[in-house]
Each structure stands twice: as C-alpha cells, then as structure tokens.
>>> print(open('model.txt').read())   # compact mmCIF, C-alpha atoms and all ligand atoms
# COMPACT_ATOMS: atom_id res chain seq x y z
CA MET A 1 -29.57 -17.91 -24.52
CA ALA A 2 -26.71 -20.07 -23.18
CA LYS A 3 -25.30 -18.70 -19.96
CA LEU A 4 -21.96 -16.82 -19.94
CA THR A 5 -19.68 -17.30 -16.91
CA LEU A 6 -16.29 -15.62 -16.60
CA TYR A 7 -13.68 -17.25 -14.35
CA HIS A 8 -12.05 -14.11 -13.13
CA ALA A 9 -9.41 -12.70 -10.78
CA ALA A 10 -9.53 -8.92 -10.39
CA PRO A 11 -7.36 -7.33 -11.66
CA SER A 12 -5.62 -9.69 -14.06
CA ARG A 13 -5.67 -10.71 -17.72
CA SER A 14 -9.27 -11.81 -17.14
CA SER A 15 -10.09 -8.08 -16.77
CA ILE A 16 -9.58 -7.93 -20.56
CA VAL A 17 -12.55 -10.28 -20.96
CA ARG A 18 -14.62 -8.45 -18.37
CA TRP A 19 -14.20 -5.26 -20.43
CA MET A 20 -15.17 -7.20 -23.56
CA LEU A 21 -18.29 -8.59 -21.86
CA GLU A 22 -19.29 -5.09 -20.79
CA GLU A 23 -18.88 -3.94 -24.40
CA ILE A 24 -21.07 -6.83 -25.63
CA GLY A 25 -23.80 -5.95 -23.16
CA GLU A 26 -25.12 -9.49 -22.60
CA PRO A 27 -25.73 -10.71 -19.02
CA TYR A 28 -22.86 -12.72 -17.52
CA ASP A 29 -21.89 -14.28 -14.20
CA ILE A 30 -18.54 -14.01 -12.47
CA HIS A 31 -16.85 -17.00 -10.84
CA HIS A 32 -14.24 -15.25 -8.74
CA LEU A 33 -10.87 -16.87 -8.05
CA SER A 34 -8.15 -15.65 -5.72
CA LEU A 35 -4.74 -16.12 -7.32
CA SER A 36 -3.01 -15.40 -4.01
CA LYS A 37 -4.99 -18.24 -2.37
CA GLU A 38 -4.16 -20.39 -5.42
CA ASP A 39 -7.81 -21.10 -6.25
CA ASN A 40 -6.55 -21.46 -9.81
CA ARG A 41 -4.50 -24.53 -8.79
CA ALA A 42 -7.47 -26.36 -7.21
CA PRO A 43 -8.57 -29.55 -9.02
CA GLU A 44 -12.05 -28.08 -9.66
CA TYR A 45 -10.54 -25.19 -11.58
CA LEU A 46 -7.89 -27.29 -13.34
CA ALA A 47 -10.83 -29.27 -14.73
CA VAL A 48 -12.03 -25.99 -16.30
CA ASN A 49 -8.61 -24.77 -17.48
CA PRO A 50 -5.78 -27.29 -17.15
CA MET A 51 -3.34 -24.37 -17.59
CA GLY A 52 -4.44 -23.13 -14.15
CA LYS A 53 -4.81 -19.61 -15.50
CA VAL A 54 -7.50 -16.97 -15.85
CA PRO A 55 -9.41 -16.03 -17.88
CA ALA A 56 -11.68 -18.89 -18.86
CA LEU A 57 -15.17 -18.31 -20.21
CA ARG A 58 -17.95 -20.87 -20.04
CA HIS A 59 -20.64 -20.36 -22.66
CA GLY A 60 -23.29 -23.02 -22.21
CA ASP A 61 -21.39 -26.31 -22.33
CA VAL A 62 -18.25 -24.90 -23.94
CA VAL A 63 -15.19 -23.53 -22.15
CA ILE A 64 -12.90 -21.11 -23.99
CA THR A 65 -9.53 -19.98 -22.66
CA GLU A 66 -6.90 -17.45 -23.82
CA ALA A 67 -8.02 -13.84 -23.51
CA ALA A 68 -7.61 -12.88 -27.18
CA ALA A 69 -9.40 -16.04 -28.37
CA ILE A 70 -12.28 -15.29 -25.99
CA CYS A 71 -12.56 -11.71 -27.27
CA THR A 72 -12.52 -12.92 -30.89
CA TYR A 73 -15.18 -15.52 -30.07
CA LEU A 74 -17.47 -13.07 -28.27
CA ALA A 75 -17.22 -10.49 -31.06
CA ASP A 76 -18.26 -13.11 -33.65
CA GLU A 77 -20.89 -14.76 -31.44
CA PHE A 78 -22.66 -11.47 -30.65
CA PRO A 79 -22.42 -9.52 -33.92
CA HIS A 80 -25.13 -7.06 -32.84
CA ALA A 81 -22.46 -5.35 -30.71
CA LYS A 82 -20.50 -4.58 -33.92
CA LEU A 83 -17.16 -5.43 -32.28
CA ASN A 84 -16.00 -7.79 -35.04
CA ILE A 85 -15.02 -7.41 -38.67
CA PRO A 86 -17.04 -10.24 -40.24
CA ILE A 87 -15.91 -12.89 -42.73
CA GLY A 88 -16.26 -11.44 -46.21
CA ASP A 89 -15.13 -7.95 -45.18
CA VAL A 90 -11.70 -7.19 -46.72
CA ARG A 91 -10.56 -5.63 -43.42
CA ARG A 92 -10.96 -8.92 -41.49
CA GLY A 93 -7.38 -10.06 -42.10
CA ILE A 94 -5.94 -6.88 -40.58
CA TYR A 95 -8.37 -7.15 -37.66
CA LEU A 96 -7.24 -10.74 -36.97
CA LYS A 97 -3.60 -9.66 -37.27
CA TRP A 98 -4.09 -7.21 -34.37
CA LEU A 99 -5.96 -9.78 -32.27
CA PHE A 100 -2.98 -12.14 -32.60
CA PHE A 101 -0.37 -9.38 -32.31
CA GLY A 102 -1.23 -8.76 -28.65
CA PRO A 103 -0.47 -12.22 -27.26
CA SER A 104 2.16 -13.21 -29.84
CA CYS A 105 4.21 -9.98 -30.07
CA ILE A 106 3.39 -7.29 -27.47
CA GLU A 107 3.13 -9.61 -24.45
CA PRO A 108 6.30 -11.69 -25.07
CA ALA A 109 8.30 -8.57 -26.03
CA MET A 110 7.18 -6.88 -22.81
CA MET A 111 7.85 -9.93 -20.60
CA ASP A 112 11.29 -10.64 -22.12
CA ARG A 113 12.20 -7.00 -21.43
CA ALA A 114 10.90 -7.24 -17.83
CA PHE A 115 12.49 -10.66 -17.17
CA PRO A 116 15.58 -10.80 -19.40
CA ARG A 117 17.03 -14.16 -20.45
CA LYS A 118 20.55 -15.09 -19.36
CA GLU A 119 21.51 -15.52 -22.98
CA GLU A 120 20.11 -13.19 -25.58
CA ALA A 121 18.00 -15.08 -28.12
CA ARG A 122 18.57 -14.59 -31.83
CA ARG A 123 16.13 -12.01 -33.25
CA GLY A 124 15.14 -14.42 -36.01
CA ALA A 125 14.20 -17.09 -33.47
CA LEU A 126 11.81 -14.83 -31.56
CA GLY A 127 8.33 -14.61 -33.04
CA TYR A 128 8.14 -10.94 -32.12
CA GLY A 129 11.59 -10.02 -33.46
CA ASP A 130 12.70 -7.29 -31.08
CA PHE A 131 11.08 -4.98 -28.54
CA ASP A 132 11.69 -1.68 -30.35
CA THR A 133 10.23 -2.89 -33.64
CA VAL A 134 7.10 -4.16 -31.86
CA MET A 135 6.67 -0.81 -30.10
CA ASN A 136 7.17 1.16 -33.34
CA VAL A 137 4.67 -1.00 -35.25
CA VAL A 138 2.00 -0.63 -32.55
CA ALA A 139 2.65 3.11 -32.16
CA LYS A 140 2.13 3.64 -35.88
CA ALA A 141 -1.05 1.52 -35.85
CA VAL A 142 -2.73 3.47 -33.04
CA ALA A 143 -1.41 6.94 -33.93
CA LYS A 144 -4.17 7.95 -36.34
CA GLY A 145 -7.13 6.59 -34.41
CA PRO A 146 -9.49 6.87 -32.98
CA TYR A 147 -9.20 3.06 -32.95
CA ILE A 148 -6.80 0.48 -34.35
CA MET A 149 -9.18 -0.30 -37.25
CA GLY A 150 -9.97 3.39 -37.77
CA ASP A 151 -13.45 4.66 -36.91
CA GLN A 152 -14.82 1.30 -35.72
CA PHE A 153 -14.03 0.17 -32.17
CA THR A 154 -13.46 -3.63 -32.25
CA ALA A 155 -12.35 -6.56 -30.11
CA ALA A 156 -8.81 -5.80 -31.34
CA ASP A 157 -8.90 -2.57 -29.31
CA VAL A 158 -9.87 -4.52 -26.19
CA VAL A 159 -6.84 -6.80 -26.66
CA ILE A 160 -4.22 -4.27 -27.82
CA GLY A 161 -5.59 -1.52 -25.59
CA SER A 162 -5.45 -3.79 -22.52
CA ASP A 163 -1.84 -4.77 -23.27
CA LEU A 164 -0.84 -1.11 -23.57
CA ARG A 165 -2.79 -0.06 -20.48
CA PHE A 166 -1.37 -2.81 -18.26
CA GLY A 167 2.11 -2.51 -19.77
CA MET A 168 2.33 1.20 -19.04
CA MET A 169 0.68 0.83 -15.62
CA PHE A 170 3.39 -1.66 -14.56
CA LYS A 171 6.16 0.40 -16.26
CA MET A 172 6.92 -2.45 -18.65
CA LEU A 173 6.11 -0.41 -21.76
CA PRO A 174 7.27 3.10 -22.63
CA GLU A 175 4.74 5.91 -22.15
CA ARG A 176 4.88 6.96 -25.79
CA SER A 177 2.56 9.79 -26.77
CA GLU A 178 0.80 7.53 -29.31
CA PHE A 179 0.07 4.98 -26.55
CA THR A 180 -1.15 7.50 -23.97
CA ALA A 181 -3.39 9.27 -26.50
CA TYR A 182 -4.90 5.94 -27.63
CA THR A 183 -5.45 4.54 -24.12
CA GLY A 184 -6.85 7.94 -23.12
CA ARG A 185 -9.50 7.55 -25.83
CA LEU A 186 -10.25 4.00 -24.68
CA ALA A 187 -10.61 5.18 -21.07
CA GLN A 188 -13.62 7.26 -22.17
CA ARG A 189 -15.59 4.12 -23.03
CA PRO A 190 -18.41 3.52 -20.53
CA ALA A 191 -17.94 -0.28 -20.78
CA LEU A 192 -14.30 -0.01 -19.68
CA GLN A 193 -15.26 2.35 -16.87
CA ARG A 194 -17.92 -0.11 -15.67
CA ALA A 195 -15.54 -3.08 -15.89
CA GLN A 196 -12.89 -1.20 -13.91
CA ALA A 197 -15.32 -0.02 -11.23
CA ARG A 198 -16.68 -3.56 -10.77
CA ASP A 199 -13.15 -4.99 -10.62
CA GLU A 200 -12.20 -2.46 -7.97
CA GLU A 201 -15.26 -3.46 -5.90
CA LEU A 202 -14.35 -7.14 -6.30
CA ALA A 203 -10.70 -6.58 -5.39
CA ALA A 204 -11.70 -4.61 -2.28
CA ALA A 205 -14.26 -7.20 -1.07
N1 LIG A 301 -2.08 -16.81 -22.27
C1 LIG A 301 -3.06 -16.54 -21.25
C2 LIG A 301 -2.33 -15.98 -20.05
C3 LIG A 301 -3.23 -15.92 -18.83
C4 LIG A 301 -2.42 -15.58 -17.57
O1 LIG A 301 -1.18 -15.66 -17.52
N2 LIG A 301 -3.16 -15.25 -16.49
C5 LIG A 301 -2.53 -14.99 -15.23
C6 LIG A 301 -3.21 -13.78 -14.56
S1 LIG A 301 -2.76 -12.27 -15.34
C7 LIG A 301 -2.75 -16.15 -14.29
O2 LIG A 301 -3.77 -16.81 -14.34
N3 LIG A 301 -1.77 -16.40 -13.41
C8 LIG A 301 -1.88 -17.37 -12.39
C9 LIG A 301 -0.87 -18.47 -12.48
O3 LIG A 301 -0.27 -18.67 -13.54
O4 LIG A 301 -0.68 -19.14 -11.47
C10 LIG A 301 -4.12 -15.55 -21.77
O5 LIG A 301 -3.75 -14.65 -22.55
O6 LIG A 301 -5.30 -15.66 -21.41
>>> encode(input="model.txt", output="structure tokens")
Amino acid sequence: MAKLTLYHAAPSRSSIVRWMLEEIGEPYDIHHLSLSKEDNRAPEYLAVNPMGKVPALRHGDVVITEAAAICTYLADEFPHAKLNIPIGDVRRGIYLKWLFFGPSCIEPAMMDRAFPRKEEARRGALGYGDFDTVMNVVAKAVAKGPYIMGDQFTAADVVIGSDLRFGMMFKMLPERSEFTAYTGRLAQRPALQRAQARDEELAAA
C-alpha cells in the first residue's frame, strides 16, 4: 500500500486529519512542523504546500491539501472504514454538503466574528450569509444525532465536529446545548482520544 504521511503541527487544523487517520486505522507517518519556528515557510515545505499551511497529506506520489478535502479523500480511498457515503447512495449529496459547510460556512463565519471587518459586508456577498443563520443550521443538523448523517459516523463528523470543538475551545462559537451534546458524543470515540493523546505528547516534546 502507498505510504501515508501527514504534515502536521500539533494542535492545529492538521489535528482534524490526524483524527481522521486514526478513524481509518491505516498506518501513517507524521512529518512534524513547528509553526512558531516557521517550518511551514521553509522552501522544502512550500514545495509540498505552496500555501505554507498545514495540513498536507502525502499518499504515495500525490499530495493533498485542505483538511476537508483530505478527509473526503481518505473516506473514499479506504471504504472499509465506512466513513463515507458512496456514490450511488441518495444520502451522498447531503454528506458532501456538510463536508463543504465546515470550511465554506462555519470557519469564515467564526473568523469574521472573531476578527471583524472595518466595514460590514453585505449578507448577500458573503458565502455563509450571516453568523446566526450558520449557527442555527448546524445546531439543527446535529441536534438529533447521534451523528450529522444520523446513525452512521462519517468524515463529515470529523470536519464539522472539529470546527465546533475548536470554535468552542477558543470561545469563538457559542456553547449551545446542541453543540456540547454532539461534541460530547464525539469525544467518546477512541480514535479521537488517541489522536488527542498523541498530539499532546507531540506538543509537549
Ligand atoms: N484552508 C486550510 C487552512 C489551513 C490553516 O490555516 N492552517 C493553519 C494552522 S491551523 C496554518 O497552517 N497556519 C500557519 C500559517 O498560515 O502560517 C485547511 O482547511 O486545511
């Protein structure tokens, strides 16, 4: 099997992919980068990801960047883990919607709230619309549970769950009861617990 290597800084958005890799259960290597030492700006790393950001995942000869794209890729590439909704299943469209909703709606809504613009942008010009609508839509989606697609845990939970976990941790998202109940369920997953424990070891080293 082609080797999997995660370019990772612990903790950061690459922790999303580390959780995903733990869920997949295939062996992987970590290439650790220190963001504070600006390893991500070194020419060797810019050759891997010209954006100078983590995560990046090397799978054999291919490099994939963007956390949600990597999670989507891994779920499809390793279907035995049952973390995707495959092509042909009527639920796939909804599943893809949530995978895109994280980086295109939750993250920008959260960051615009944390770092407000000098001039307020028109709601219609922002892809996410407005913060409160995004929060209400996500709260409704995770309220029933146990997972965003219902009974099946998928890559969409890794992406949306990570956004909610980090957002609440850094006080950038409200601690709504729907969010805390959902992330509480996710925290029970052994793969997330392993990823977190390994990240803590890495950060302390
Ligand atoms: N759109 C990217 C964002 C990745 C990102 O912003 N990563 C941060 C760490 S949380 C980073 O590498 N920051 C270092 C920098 O920009 O210098 C994704 O979702 O993967």
>>> residues_around(input="model.txt", residues="A:Arg13", least_positions_apart="4", cutoff="12 Å", atoms="all atoms listed in the file", output="ChimeraX atom specification")
/A:6-9,17-20,35,53-56,65-68,70-71,102-103,107,158-159,162-163,165-167,199
>>> atom_distance(input="model.txt", atom1="atom CA of A:Arg176", atom2="atom CA of A:Gly145")
14.8 Å
>>> axis_aligned_box(input="model.txt", around="ligand LIG 301 (chain A)", padding_each_side="4 Å", output="JSON")
{"center_x": -2.8, "center_y": -15.7, "center_z": -17.0, "size_x": 13.0, "size_y": 14.9, "size_z": 19.1}
>>> atom_distance(input="model.txt", atom1="atom CA of A:Pro79", atom2="atom CA of A:Phe153")
12.9 Å
>>> residues_around(input="model.txt", residues="A:Ala156", least_positions_apart="4", cutoff="10 Å", atoms="all atoms listed in the file", output="list of chain:residue names")
A:Ala68, A:Cys71, A:Thr72, A:Ala75, A:Leu83, A:Asn84, A:Ile85, A:Ile94, A:Tyr95, A:Leu96, A:Lys97, A:Trp98, A:Leu99, A:Phe100, A:Phe101, A:Gly102, A:Tyr147, A:Ile148, A:Met149, A:Ile160, A:Gly161, A:Ser162
>>> atom_distance(input="model.txt", atom1="atom O4 of ligand LIG 301 (chain A)", atom2="atom CA of A:Phe115")
16.7 Å
>>> decode(input="model.txt", residues="stretch 70-101 of chain A", atoms="N, CA, C and O atoms", output="PDB file, in the first residue's frame")
ATOM      1  N   ILE A  70      -8.990  16.439   2.319  1.00  0.00           N
ATOM      2  CA  ILE A  70      -8.221  15.259   2.737  1.00  0.00           C
ATOM      3  C   ILE A  70      -9.149  14.237   3.405  1.00  0.00           C
ATOM      4  O   ILE A  70      -9.079  13.035   3.132  1.00  0.00           O
ATOM      5  N   CYS A  71     -10.051  14.733   4.262  1.00  0.00           N
ATOM      6  CA  CYS A  71     -10.975  13.808   4.943  1.00  0.00           C
ATOM      7  C   CYS A  71     -11.895  13.129   3.930  1.00  0.00           C
ATOM      8  O   CYS A  71     -12.149  11.922   4.019  1.00  0.00           O
ATOM      9  N   THR A  72     -12.372  13.887   2.950  1.00  0.00           N
ATOM     10  CA  THR A  72     -13.242  13.314   1.913  1.00  0.00           C
ATOM     11  C   THR A  72     -12.473  12.246   1.144  1.00  0.00           C
ATOM     12  O   THR A  72     -12.982  11.147   0.878  1.00  0.00           O
ATOM     13  N   TYR A  73     -11.236  12.577   0.791  1.00  0.00           N
ATOM     14  CA  TYR A  73     -10.383  11.653   0.025  1.00  0.00           C
ATOM     15  C   TYR A  73     -10.146  10.361   0.806  1.00  0.00           C
ATOM     16  O   TYR A  73     -10.316   9.255   0.284  1.00  0.00           O
ATOM     17  N   LEU A  74      -9.764  10.491   2.068  1.00  0.00           N
ATOM     18  CA  LEU A  74      -9.445   9.296   2.867  1.00  0.00           C
ATOM     19  C   LEU A  74     -10.676   8.405   3.033  1.00  0.00           C
ATOM     20  O   LEU A  74     -10.585   7.177   2.958  1.00  0.00           O
ATOM     21  N   ALA A  75     -11.836   9.037   3.247  1.00  0.00           N
ATOM     22  CA  ALA A  75     -13.064   8.248   3.431  1.00  0.00           C
ATOM     23  C   ALA A  75     -13.377   7.447   2.177  1.00  0.00           C
ATOM     24  O   ALA A  75     -13.800   6.287   2.256  1.00  0.00           O
ATOM     25  N   ASP A  76     -13.153   8.039   1.000  1.00  0.00           N
ATOM     26  CA  ASP A  76     -13.436   7.327  -0.260  1.00  0.00           C
ATOM     27  C   ASP A  76     -12.351   6.301  -0.587  1.00  0.00           C
ATOM     28  O   ASP A  76     -12.626   5.239  -1.143  1.00  0.00           O
ATOM     29  N   GLU A  77     -11.114   6.641  -0.240  1.00  0.00           N
ATOM     30  CA  GLU A  77      -9.972   5.779  -0.590  1.00  0.00           C
ATOM     31  C   GLU A  77      -9.938   4.510   0.267  1.00  0.00           C
ATOM     32  O   GLU A  77      -9.440   3.480  -0.162  1.00  0.00           O
ATOM     33  N   PHE A  78     -10.456   4.613   1.493  1.00  0.00           N
ATOM     34  CA  PHE A  78     -10.441   3.468   2.412  1.00  0.00           C
ATOM     35  C   PHE A  78     -11.874   3.141   2.845  1.00  0.00           C
ATOM     36  O   PHE A  78     -12.241   3.323   4.011  1.00  0.00           O
ATOM     37  N   PRO A  79     -12.681   2.636   1.914  1.00  0.00           N
ATOM     38  CA  PRO A  79     -14.113   2.453   2.196  1.00  0.00           C
ATOM     39  C   PRO A  79     -14.394   1.410   3.288  1.00  0.00           C
ATOM     40  O   PRO A  79     -15.463   1.432   3.883  1.00  0.00           O
ATOM     41  N   HIS A  80     -13.385   0.548   3.567  1.00  0.00           N
ATOM     42  CA  HIS A  80     -13.612  -0.467   4.611  1.00  0.00           C
ATOM     43  C   HIS A  80     -13.918   0.176   5.963  1.00  0.00           C
ATOM     44  O   HIS A  80     -14.575  -0.415   6.811  1.00  0.00           O
ATOM     45  N   ALA A  81     -13.450   1.432   6.146  1.00  0.00           N
ATOM     46  CA  ALA A  81     -13.682   2.108   7.436  1.00  0.00           C
ATOM     47  C   ALA A  81     -15.119   2.629   7.553  1.00  0.00           C
ATOM     48  O   ALA A  81     -15.528   3.058   8.632  1.00  0.00           O
ATOM     49  N   LYS A  82     -15.850   2.605   6.443  1.00  0.00           N
ATOM     50  CA  LYS A  82     -17.263   3.024   6.423  1.00  0.00           C
ATOM     51  C   LYS A  82     -17.459   4.458   6.930  1.00  0.00           C
ATOM     52  O   LYS A  82     -18.385   4.760   7.691  1.00  0.00           O
ATOM     53  N   LEU A  83     -16.548   5.335   6.505  1.00  0.00           N
ATOM     54  CA  LEU A  83     -16.632   6.749   6.913  1.00  0.00           C
ATOM     55  C   LEU A  83     -17.144   7.628   5.784  1.00  0.00           C
ATOM     56  O   LEU A  83     -17.195   8.847   5.930  1.00  0.00           O
ATOM     57  N   ASN A  84     -17.456   7.009   4.630  1.00  0.00           N
ATOM     58  CA  ASN A  84     -18.009   7.800   3.520  1.00  0.00           C
ATOM     59  C   ASN A  84     -19.444   7.387   3.255  1.00  0.00           C
ATOM     60  O   ASN A  84     -19.937   6.390   3.790  1.00  0.00           O
ATOM     61  N   ILE A  85     -20.109   8.188   2.440  1.00  0.00           N
ATOM     62  CA  ILE A  85     -21.401   7.789   1.866  1.00  0.00           C
ATOM     63  C   ILE A  85     -21.084   7.651   0.372  1.00  0.00           C
ATOM     64  O   ILE A  85     -20.762   8.643  -0.281  1.00  0.00           O
ATOM     65  N   PRO A  86     -21.085   6.444  -0.154  1.00  0.00           N
ATOM     66  CA  PRO A  86     -20.543   6.240  -1.504  1.00  0.00           C
ATOM     67  C   PRO A  86     -21.414   6.794  -2.627  1.00  0.00           C
ATOM     68  O   PRO A  86     -22.615   7.023  -2.440  1.00  0.00           O
ATOM     69  N   ILE A  87     -20.792   6.989  -3.787  1.00  0.00           N
ATOM     70  CA  ILE A  87     -21.539   7.392  -4.993  1.00  0.00           C
ATOM     71  C   ILE A  87     -22.621   6.341  -5.228  1.00  0.00           C
ATOM     72  O   ILE A  87     -22.369   5.143  -5.104  1.00  0.00           O
ATOM     73  N   GLY A  88     -23.818   6.824  -5.554  1.00  0.00           N
ATOM     74  CA  GLY A  88     -24.928   5.896  -5.788  1.00  0.00           C
ATOM     75  C   GLY A  88     -25.899   5.855  -4.614  1.00  0.00           C
ATOM     76  O   GLY A  88     -27.047   5.487  -4.768  1.00  0.00           O
ATOM     77  N   ASP A  89     -25.398   6.252  -3.423  1.00  0.00           N
ATOM     78  CA  ASP A  89     -26.268   6.322  -2.244  1.00  0.00           C
ATOM     79  C   ASP A  89     -26.947   7.696  -2.247  1.00  0.00           C
ATOM     80  O   ASP A  89     -26.260   8.719  -2.381  1.00  0.00           O
ATOM     81  N   VAL A  90     -28.275   7.727  -2.112  1.00  0.00           N
ATOM     82  CA  VAL A  90     -29.006   9.004  -2.203  1.00  0.00           C
ATOM     83  C   VAL A  90     -28.574  10.006  -1.130  1.00  0.00           C
ATOM     84  O   VAL A  90     -28.782  11.201  -1.286  1.00  0.00           O
ATOM     85  N   ARG A  91     -27.950   9.522  -0.065  1.00  0.00           N
ATOM     86  CA  ARG A  91     -27.558  10.444   1.022  1.00  0.00           C
ATOM     87  C   ARG A  91     -26.236  11.166   0.727  1.00  0.00           C
ATOM     88  O   ARG A  91     -25.830  12.031   1.476  1.00  0.00           O
ATOM     89  N   ARG A  92     -25.567  10.778  -0.395  1.00  0.00           N
ATOM     90  CA  ARG A  92     -24.218  11.339  -0.626  1.00  0.00           C
ATOM     91  C   ARG A  92     -24.237  12.866  -0.785  1.00  0.00           C
ATOM     92  O   ARG A  92     -23.330  13.551  -0.329  1.00  0.00           O
ATOM     93  N   GLY A  93     -25.250  13.395  -1.430  1.00  0.00           N
ATOM     94  CA  GLY A  93     -25.304  14.848  -1.621  1.00  0.00           C
ATOM     95  C   GLY A  93     -25.314  15.596  -0.296  1.00  0.00           C
ATOM     96  O   GLY A  93     -24.620  16.606  -0.120  1.00  0.00           O
ATOM     97  N   ILE A  94     -26.097  15.097   0.650  1.00  0.00           N
ATOM     98  CA  ILE A  94     -26.195  15.750   1.970  1.00  0.00           C
ATOM     99  C   ILE A  94     -24.848  15.636   2.693  1.00  0.00           C
ATOM    100  O   ILE A  94     -24.370  16.586   3.324  1.00  0.00           O
ATOM    101  N   TYR A  95     -24.253  14.455   2.574  1.00  0.00           N
ATOM    102  CA  TYR A  95     -22.937  14.206   3.196  1.00  0.00           C
ATOM    103  C   TYR A  95     -21.891  15.199   2.653  1.00  0.00           C
ATOM    104  O   TYR A  95     -21.142  15.829   3.413  1.00  0.00           O
ATOM    105  N   LEU A  96     -21.883  15.383   1.314  1.00  0.00           N
ATOM    106  CA  LEU A  96     -20.923  16.331   0.718  1.00  0.00           C
ATOM    107  C   LEU A  96     -21.236  17.748   1.159  1.00  0.00           C
ATOM    108  O   LEU A  96     -20.332  18.556   1.405  1.00  0.00           O
ATOM    109  N   LYS A  97     -22.520  18.072   1.265  1.00  0.00           N
ATOM    110  CA  LYS A  97     -22.917  19.413   1.738  1.00  0.00           C
ATOM    111  C   LYS A  97     -22.239  19.717   3.088  1.00  0.00           C
ATOM    112  O   LYS A  97     -21.634  20.769   3.276  1.00  0.00           O
ATOM    113  N   TRP A  98     -22.290  18.744   4.020  1.00  0.00           N
ATOM    114  CA  TRP A  98     -21.700  19.011   5.345  1.00  0.00           C
ATOM    115  C   TRP A  98     -20.183  19.088   5.275  1.00  0.00           C
ATOM    116  O   TRP A  98     -19.562  19.872   5.997  1.00  0.00           O
ATOM    117  N   LEU A  99     -19.571  18.290   4.388  1.00  0.00           N
ATOM    118  CA  LEU A  99     -18.104  18.376   4.262  1.00  0.00           C
ATOM    119  C   LEU A  99     -17.673  19.755   3.767  1.00  0.00           C
ATOM    120  O   LEU A  99     -16.633  20.276   4.167  1.00  0.00           O
ATOM    121  N   PHE A 100     -18.476  20.352   2.886  1.00  0.00           N
ATOM    122  CA  PHE A 100     -18.152  21.692   2.374  1.00  0.00           C
ATOM    123  C   PHE A 100     -18.600  22.785   3.346  1.00  0.00           C
ATOM    124  O   PHE A 100     -18.046  23.891   3.346  1.00  0.00           O
ATOM    125  N   PHE A 101     -19.619  22.505   4.133  1.00  0.00           N
ATOM    126  CA  PHE A 101     -20.192  23.521   5.019  1.00  0.00           C
ATOM    127  C   PHE A 101     -19.167  23.974   6.081  1.00  0.00           C
ATOM    128  O   PHE A 101     -19.142  25.142   6.462  1.00  0.00           O
TER     129      PHE A 101
END
